[in-house]
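Written out below as structure tokens is the structure these notes cover.
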Amino acid sequence: MPLRAAIEEFLSFLATQRRLSAHTLRAYRIDLEHWLDDLESVRKIADTAALAERLEPVHLRSYLASLYDTHERASICRRLSAIRSMLRYFRMRGWIDRDVGQWVSSPKKEKNLPNFLKIEEMEELIEAPDLTTSLGLRDRAIFELLYGSGLRVSEGVGLSMGDVDLERGWATVFGKGSKERRVPLGPPAVEALRAYWERRRAQGEGLHGKSPVFVNYRGGRLTSRSVARTVARHLVRIASAKNLSPHGLRHSFATHLLAAGADLRVIQELLGHARLSTTQRYTHVDLGALLDEYRGAHPLHTKKNGSATS
């Protein structure tokens, strides 16, 4: 079977049996087609029979090594993961009799600490929108929800009004892998959402259970990219502006909870992390914040840097 046709079957399997999102499927396609180009041009392998007969672990290692100058380690790991998944599927279908992907180690990922805002910076960002306008009310509600409940941006923009219970202070969100979880809404988020929805009703919008929680100026569902632009626009108005993605509001939520003494398992549940190790990254973030405060305030450190007076 031609490899391109085999890849299409694999992607169809992921869509129908694994029910992966369109975004994830698109990433799989890009990664696998890039590897296929390498197989065809360098290895002269274009069908499953040739793949079964001639592919060796060294070929896959050589391909990954060629990516190091142009790709981040996380991207290389993702590409190897896609290739491994495809090879497992090929073996399951009987198209190959050995899976060389299992003999190739993943590159070690660079452990970059998540960026986040301090509590006073977060307060400045939340206060930045102009509440006399509809867009200002919307932006305030976005910030209160993402920070107050620790949602992923995709979870926030994917919410419909029927998913949110303002009276009880809960929202039902669908995270990675379409996993459903319930998250609490803090009073500021409830108040901000209520004010935003009341403005939309006053402007003649008929709201119902399937209406998007957040809309753009044309009335369509807000996108993750639009939220990124919104965060960037308001960040430049706060005193200590820094480069922060919308995901940084989620990082700030987790870091501030941890600093206040919340249990790591509780934070894991609120964030919807499948593994505790993912949540544990915030222990390093909090330590970094403490070190920053120490360096800025401890007398011995400031004296060493010429800031203390005798």
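Convention: chains lettered A, B, ... in structure tokens order; per-chain residue numbering from 1; ligands numbered from 1 as shown.
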
Query - DSSP-assigned strand (DSSP E or B) among stretch 100-206 of chain A, expressed as a list in words - result: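 The strand (DSSP E or B) residues within stretch 100-206 of chain A come out as Ser160, Val164, Asp165, Trp170, Ala171, Thr172, Val173, Phe174, Glu180, Arg181, Arg182, Val183 and Pro184 of chain A.
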
**Report entry** Counting only C-alpha atoms, the residue of A:Pro2, A:Gly169, A:Pro212, A:Pro184 that sits nearest A:Ile45
**Finding:**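 Ranking A:Pro2, A:Gly169, A:Pro212, A:Pro184 by distance to A:Ile45, first place goes to A:Pro2.
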
Query raised in the report: Which is closer to A:Leu25 than all the others in A:Ser226, A:Gln268, A:Ser12, A:Gln102, using only C-alpha atoms?
Result: A:Ser12

Quick one: residues within 12 Å of A:Gly150, only C-alpha atoms counted, chain neighbours fewer than 2 positions away excluded, as a PDB file with C-alpha atoms, in the first residue's frame?
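Result file selection-v7.pdb:
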```pdb
ATOM      1  CA  ILE A 142     -12.681  36.573  30.287  1.00  0.00           C
ATOM      2  CA  PHE A 143      -9.920  37.516  32.725  1.00  0.00           C
ATOM      3  CA  GLU A 144     -12.026  36.697  35.792  1.00  0.00           C
ATOM      4  CA  LEU A 145     -13.017  33.303  34.381  1.00  0.00           C
ATOM      5  CA  LEU A 146      -9.613  32.159  33.082  1.00  0.00           C
ATOM      6  CA  TYR A 147      -7.800  33.320  36.206  1.00  0.00           C
ATOM      7  CA  GLY A 148     -10.551  32.525  38.717  1.00  0.00           C
ATOM      8  CA  ARG A 152      -7.437  26.564  29.325  1.00  0.00           C
ATOM      9  CA  VAL A 153      -8.263  29.234  26.754  1.00  0.00           C
ATOM     10  CA  SER A 154      -9.851  26.620  24.473  1.00  0.00           C
ATOM     11  CA  GLU A 155     -12.082  25.560  27.373  1.00  0.00           C
ATOM     12  CA  GLY A 156     -13.160  29.140  28.050  1.00  0.00           C
ATOM     13  CA  ALA A 171     -19.178  25.565  35.044  1.00  0.00           C
ATOM     14  CA  VAL A 173     -15.923  22.349  30.767  1.00  0.00           C
ATOM     15  CA  GLY A 175     -10.783  19.624  28.365  1.00  0.00           C
ATOM     16  CA  ARG A 182     -16.770  20.773  36.741  1.00  0.00           C
ATOM     17  CA  VAL A 183     -14.961  23.834  38.025  1.00  0.00           C
ATOM     18  CA  PRO A 184     -16.038  26.390  40.639  1.00  0.00           C
ATOM     19  CA  LEU A 185     -16.647  30.000  39.649  1.00  0.00           C
ATOM     20  CA  GLY A 186     -15.489  32.599  42.132  1.00  0.00           C
ATOM     21  CA  ALA A 189     -16.254  35.727  37.795  1.00  0.00           C
ATOM     22  CA  PRO A 246      -3.561  33.742  27.714  1.00  0.00           C
ATOM     23  CA  HIS A 247      -2.313  30.446  29.160  1.00  0.00           C
ATOM     24  CA  GLY A 248      -0.363  32.580  31.627  1.00  0.00           C
ATOM     25  CA  LEU A 249      -3.628  33.361  33.424  1.00  0.00           C
ATOM     26  CA  ARG A 250      -4.023  29.633  34.081  1.00  0.00           C
ATOM     27  CA  HIS A 251      -0.414  29.479  35.278  1.00  0.00           C
ATOM     28  CA  SER A 252      -1.055  32.439  37.576  1.00  0.00           C
ATOM     29  CA  PHE A 253      -4.138  30.701  38.995  1.00  0.00           C
ATOM     30  CA  ALA A 254      -2.148  27.551  39.855  1.00  0.00           C
ATOM     31  CA  THR A 255       0.889  29.400  41.192  1.00  0.00           C
ATOM     32  CA  HIS A 256      -1.154  31.666  43.474  1.00  0.00           C
ATOM     33  CA  LEU A 257      -3.162  28.713  44.817  1.00  0.00           C
ATOM     34  CA  ILE A 267      -4.851  21.998  42.018  1.00  0.00           C
ATOM     35  CA  GLN A 268      -4.402  18.988  39.720  1.00  0.00           C
ATOM     36  CA  GLU A 269      -8.148  18.308  39.839  1.00  0.00           C
ATOM     37  CA  LEU A 270      -9.044  21.949  39.191  1.00  0.00           C
ATOM     38  CA  LEU A 271      -6.676  22.190  36.235  1.00  0.00           C
ATOM     39  CA  GLY A 272      -7.780  18.877  34.755  1.00  0.00           C
ATOM     40  CA  HIS A 273      -4.247  17.481  34.568  1.00  0.00           C
TER      41      HIS A 273
END
```

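Proximity to A:Ile83 was assessed for A:Arg61, A:Arg275, A:His23, A:Arg140 counting only C-alpha atoms; the smallest distance is recorded for A:Arg61.
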
Query raised in the report: If you run DSSP on this backbone, which residues of stretch 20-245 of chain A come out as alpha helix (DSSP H), and could you give them as a PyMOL selection string?
Result: chain A and resi 22-38+48-54+57-65+73-92+119-127+134-149+153-157+187-202+224-235

Keeping only C-alpha atoms, write those residues as a short mmCIF file (atom, residue, chain, number, x, y, z; two decimals), in the first residue's frame.
```cif
data_model
loop_
_atom_site.label_atom_id
_atom_site.label_comp_id
_atom_site.auth_asym_id
_atom_site.auth_seq_id
_atom_site.Cartn_x
_atom_site.Cartn_y
_atom_site.Cartn_z
CA ALA A 22 -9.43 18.55 14.40
CA HIS A 23 -6.50 20.58 15.77
CA THR A 24 -4.67 17.43 16.93
CA LEU A 25 -5.37 15.62 13.67
CA ARG A 26 -3.96 18.55 11.72
CA ALA A 27 -0.77 18.40 13.80
CA TYR A 28 -0.48 14.63 13.19
CA ARG A 29 -0.89 15.17 9.44
CA ILE A 30 1.79 17.87 9.27
CA ASP A 31 4.28 15.78 11.28
CA LEU A 32 3.70 12.56 9.36
CA GLU A 33 3.76 14.16 5.92
CA HIS A 34 7.06 15.83 6.78
CA TRP A 35 8.54 12.45 7.73
CA LEU A 36 7.07 10.88 4.60
CA ASP A 37 8.82 13.49 2.46
CA ASP A 38 12.09 12.44 4.10
CA THR A 48 4.36 -0.13 3.40
CA ALA A 49 6.18 -3.10 1.86
CA ALA A 50 9.40 -1.10 1.49
CA LEU A 51 8.91 0.37 4.97
CA ALA A 52 8.61 -3.12 6.48
CA GLU A 53 11.68 -4.36 4.64
CA ARG A 54 14.11 -1.46 4.85
CA PRO A 57 16.09 2.63 13.90
CA VAL A 58 19.16 4.52 12.63
CA HIS A 59 17.07 5.99 9.82
CA LEU A 60 14.56 7.43 12.29
CA ARG A 61 17.34 8.73 14.54
CA SER A 62 19.02 10.38 11.55
CA TYR A 63 15.75 12.06 10.57
CA LEU A 64 15.19 13.42 14.09
CA ALA A 65 18.79 14.67 14.26
CA ARG A 73 12.85 19.88 21.36
CA ALA A 74 9.16 19.82 22.21
CA SER A 75 8.33 19.82 18.48
CA ILE A 76 10.76 16.97 17.84
CA CYS A 77 9.23 14.96 20.69
CA ARG A 78 5.77 15.57 19.27
CA ARG A 79 6.89 14.43 15.81
CA LEU A 80 8.44 11.26 17.20
CA SER A 81 5.26 10.57 19.16
CA ALA A 82 3.20 10.86 15.95
CA ILE A 83 5.56 8.51 14.10
CA ARG A 84 5.49 5.97 16.93
CA SER A 85 1.69 5.99 17.00
CA MET A 86 1.55 5.46 13.26
CA LEU A 87 4.06 2.60 13.33
CA ARG A 88 2.10 0.88 16.12
CA TYR A 89 -1.02 1.15 13.98
CA PHE A 90 0.82 -0.23 10.93
CA ARG A 91 1.97 -3.22 12.96
CA MET A 92 -1.54 -3.76 14.32
CA ILE A 119 -1.08 38.91 42.37
CA GLU A 120 -0.84 42.71 42.12
CA GLU A 121 -0.06 42.45 38.40
CA MET A 122 -3.06 40.17 37.92
CA GLU A 123 -5.24 42.72 39.69
CA GLU A 124 -3.99 45.43 37.33
CA LEU A 125 -4.81 43.31 34.28
CA ILE A 126 -8.31 42.52 35.54
CA GLU A 127 -8.96 46.23 36.20
CA SER A 134 -19.56 45.88 25.86
CA LEU A 135 -16.08 44.72 24.87
CA GLY A 136 -14.68 45.95 28.19
CA LEU A 137 -17.30 43.95 30.10
CA ARG A 138 -16.46 40.92 27.97
CA ASP A 139 -12.71 41.26 28.53
CA ARG A 140 -13.18 41.61 32.30
CA ALA A 141 -15.33 38.45 32.29
CA ILE A 142 -12.68 36.57 30.29
CA PHE A 143 -9.92 37.52 32.73
CA GLU A 144 -12.03 36.70 35.79
CA LEU A 145 -13.02 33.30 34.38
CA LEU A 146 -9.61 32.16 33.08
CA TYR A 147 -7.80 33.32 36.21
CA GLY A 148 -10.55 32.52 38.72
CA SER A 149 -11.16 28.97 37.49
CA VAL A 153 -8.26 29.23 26.75
CA SER A 154 -9.85 26.62 24.47
CA GLU A 155 -12.08 25.56 27.37
CA GLY A 156 -13.16 29.14 28.05
CA VAL A 157 -14.04 30.05 24.46
CA PRO A 187 -17.82 35.52 43.01
CA PRO A 188 -15.84 37.99 40.84
CA ALA A 189 -16.25 35.73 37.80
CA VAL A 190 -19.97 35.26 38.48
CA GLU A 191 -20.45 39.02 38.82
CA ALA A 192 -18.44 39.77 35.67
CA LEU A 193 -20.28 37.17 33.58
CA ARG A 194 -23.68 38.38 34.80
CA ALA A 195 -22.85 42.00 33.93
CA TYR A 196 -21.59 41.00 30.47
CA TRP A 197 -24.66 38.86 29.68
CA GLU A 198 -27.04 41.57 30.91
CA ARG A 199 -25.41 44.05 28.51
CA ARG A 200 -25.83 41.60 25.63
CA ARG A 201 -29.51 41.11 26.48
CA ALA A 202 -30.01 44.86 26.72
CA SER A 224 -8.43 31.45 21.23
CA ARG A 225 -6.46 33.73 18.92
CA SER A 226 -8.80 36.62 19.67
CA VAL A 227 -8.29 36.08 23.41
CA ALA A 228 -4.51 36.20 22.86
CA ARG A 229 -4.87 39.57 21.14
CA THR A 230 -7.12 40.77 23.97
CA VAL A 231 -4.59 39.83 26.64
CA ALA A 232 -1.76 41.49 24.69
CA ARG A 233 -3.78 44.69 24.21
CA HIS A 234 -4.49 45.10 27.91
CA LEU A 235 -1.06 44.01 29.12
#
```

Requested in this report: Excluding stretch 158-162 of chain A and residues on its chain fewer than 4 positions from it, collect all residues at most 9 Å away from it, counting only C-alpha atoms, and give them as an NGL selection string.
Outcome: :A and (153-154 or 171-174 or 207-214 or 221-223)

Keeping N, CA and C atoms, export the residues of the selection given above as a compact mmCIF listing (two decimals), in the first residue's frame.
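And here is the file that came out, part.txt:
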```txt
# COMPACT_ATOMS: atom_id res chain seq x y z
N VAL A 153 -7.57 28.27 27.60
CA VAL A 153 -8.26 29.23 26.75
C VAL A 153 -9.30 28.52 25.88
N SER A 154 -8.92 27.37 25.32
CA SER A 154 -9.85 26.62 24.47
C SER A 154 -11.10 26.21 25.25
N ALA A 171 -19.19 25.67 36.50
CA ALA A 171 -19.18 25.56 35.04
C ALA A 171 -18.72 24.16 34.67
N THR A 172 -19.31 23.62 33.63
CA THR A 172 -18.92 22.31 33.10
C THR A 172 -18.08 22.56 31.86
N VAL A 173 -16.83 22.10 31.89
CA VAL A 173 -15.92 22.35 30.77
C VAL A 173 -15.47 21.02 30.18
N PHE A 174 -15.04 21.09 28.93
CA PHE A 174 -14.55 19.90 28.23
C PHE A 174 -13.10 20.15 27.87
N LEU A 207 -30.35 35.35 24.18
CA LEU A 207 -29.42 34.36 24.74
C LEU A 207 -30.18 33.10 25.15
N HIS A 208 -29.55 31.95 24.89
CA HIS A 208 -30.14 30.66 25.27
C HIS A 208 -29.01 29.71 25.63
N GLY A 209 -29.36 28.48 25.95
CA GLY A 209 -28.37 27.53 26.45
C GLY A 209 -27.20 27.27 25.52
N LYS A 210 -27.43 27.34 24.19
CA LYS A 210 -26.36 27.05 23.24
C LYS A 210 -25.62 28.31 22.79
N SER A 211 -26.00 29.46 23.31
CA SER A 211 -25.30 30.70 22.96
C SER A 211 -23.88 30.68 23.51
N PRO A 212 -22.90 31.16 22.75
CA PRO A 212 -21.53 31.22 23.26
C PRO A 212 -21.44 32.12 24.49
N VAL A 213 -20.64 31.74 25.44
CA VAL A 213 -20.42 32.59 26.61
C VAL A 213 -19.74 33.88 26.20
N PHE A 214 -18.78 33.80 25.26
CA PHE A 214 -18.05 34.97 24.80
C PHE A 214 -18.20 35.11 23.28
N ARG A 221 -18.81 33.23 17.93
CA ARG A 221 -18.05 32.69 19.07
C ARG A 221 -16.61 33.19 19.02
N LEU A 222 -16.11 33.63 20.17
CA LEU A 222 -14.74 34.13 20.27
C LEU A 222 -13.76 32.98 20.07
N THR A 223 -12.60 33.26 19.47
CA THR A 223 -11.58 32.25 19.24
C THR A 223 -10.42 32.42 20.23
```

Query - Option closest in space to A:Trp103, from A:Gln17, A:Ala46, A:Ser41, A:Glu56 [counting only C-alpha atoms] - result: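 When distances to A:Trp103 are compared using only C-alpha atoms, the smallest one comes from A:Glu56.
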
Query raised in the report: Neighbours of A:Met1 within 7 Å (only C-alpha atoms; same-chain residues fewer than 2 positions away dropped), as a ChimeraX atom specification?
Result: /A:3,5-6,47-48

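Closest approach to A:Trp95 from the set A:Tyr68, A:Phe10, A:Phe116, A:Trp170 is made by A:Phe10, with distances taken over only C-alpha atoms.
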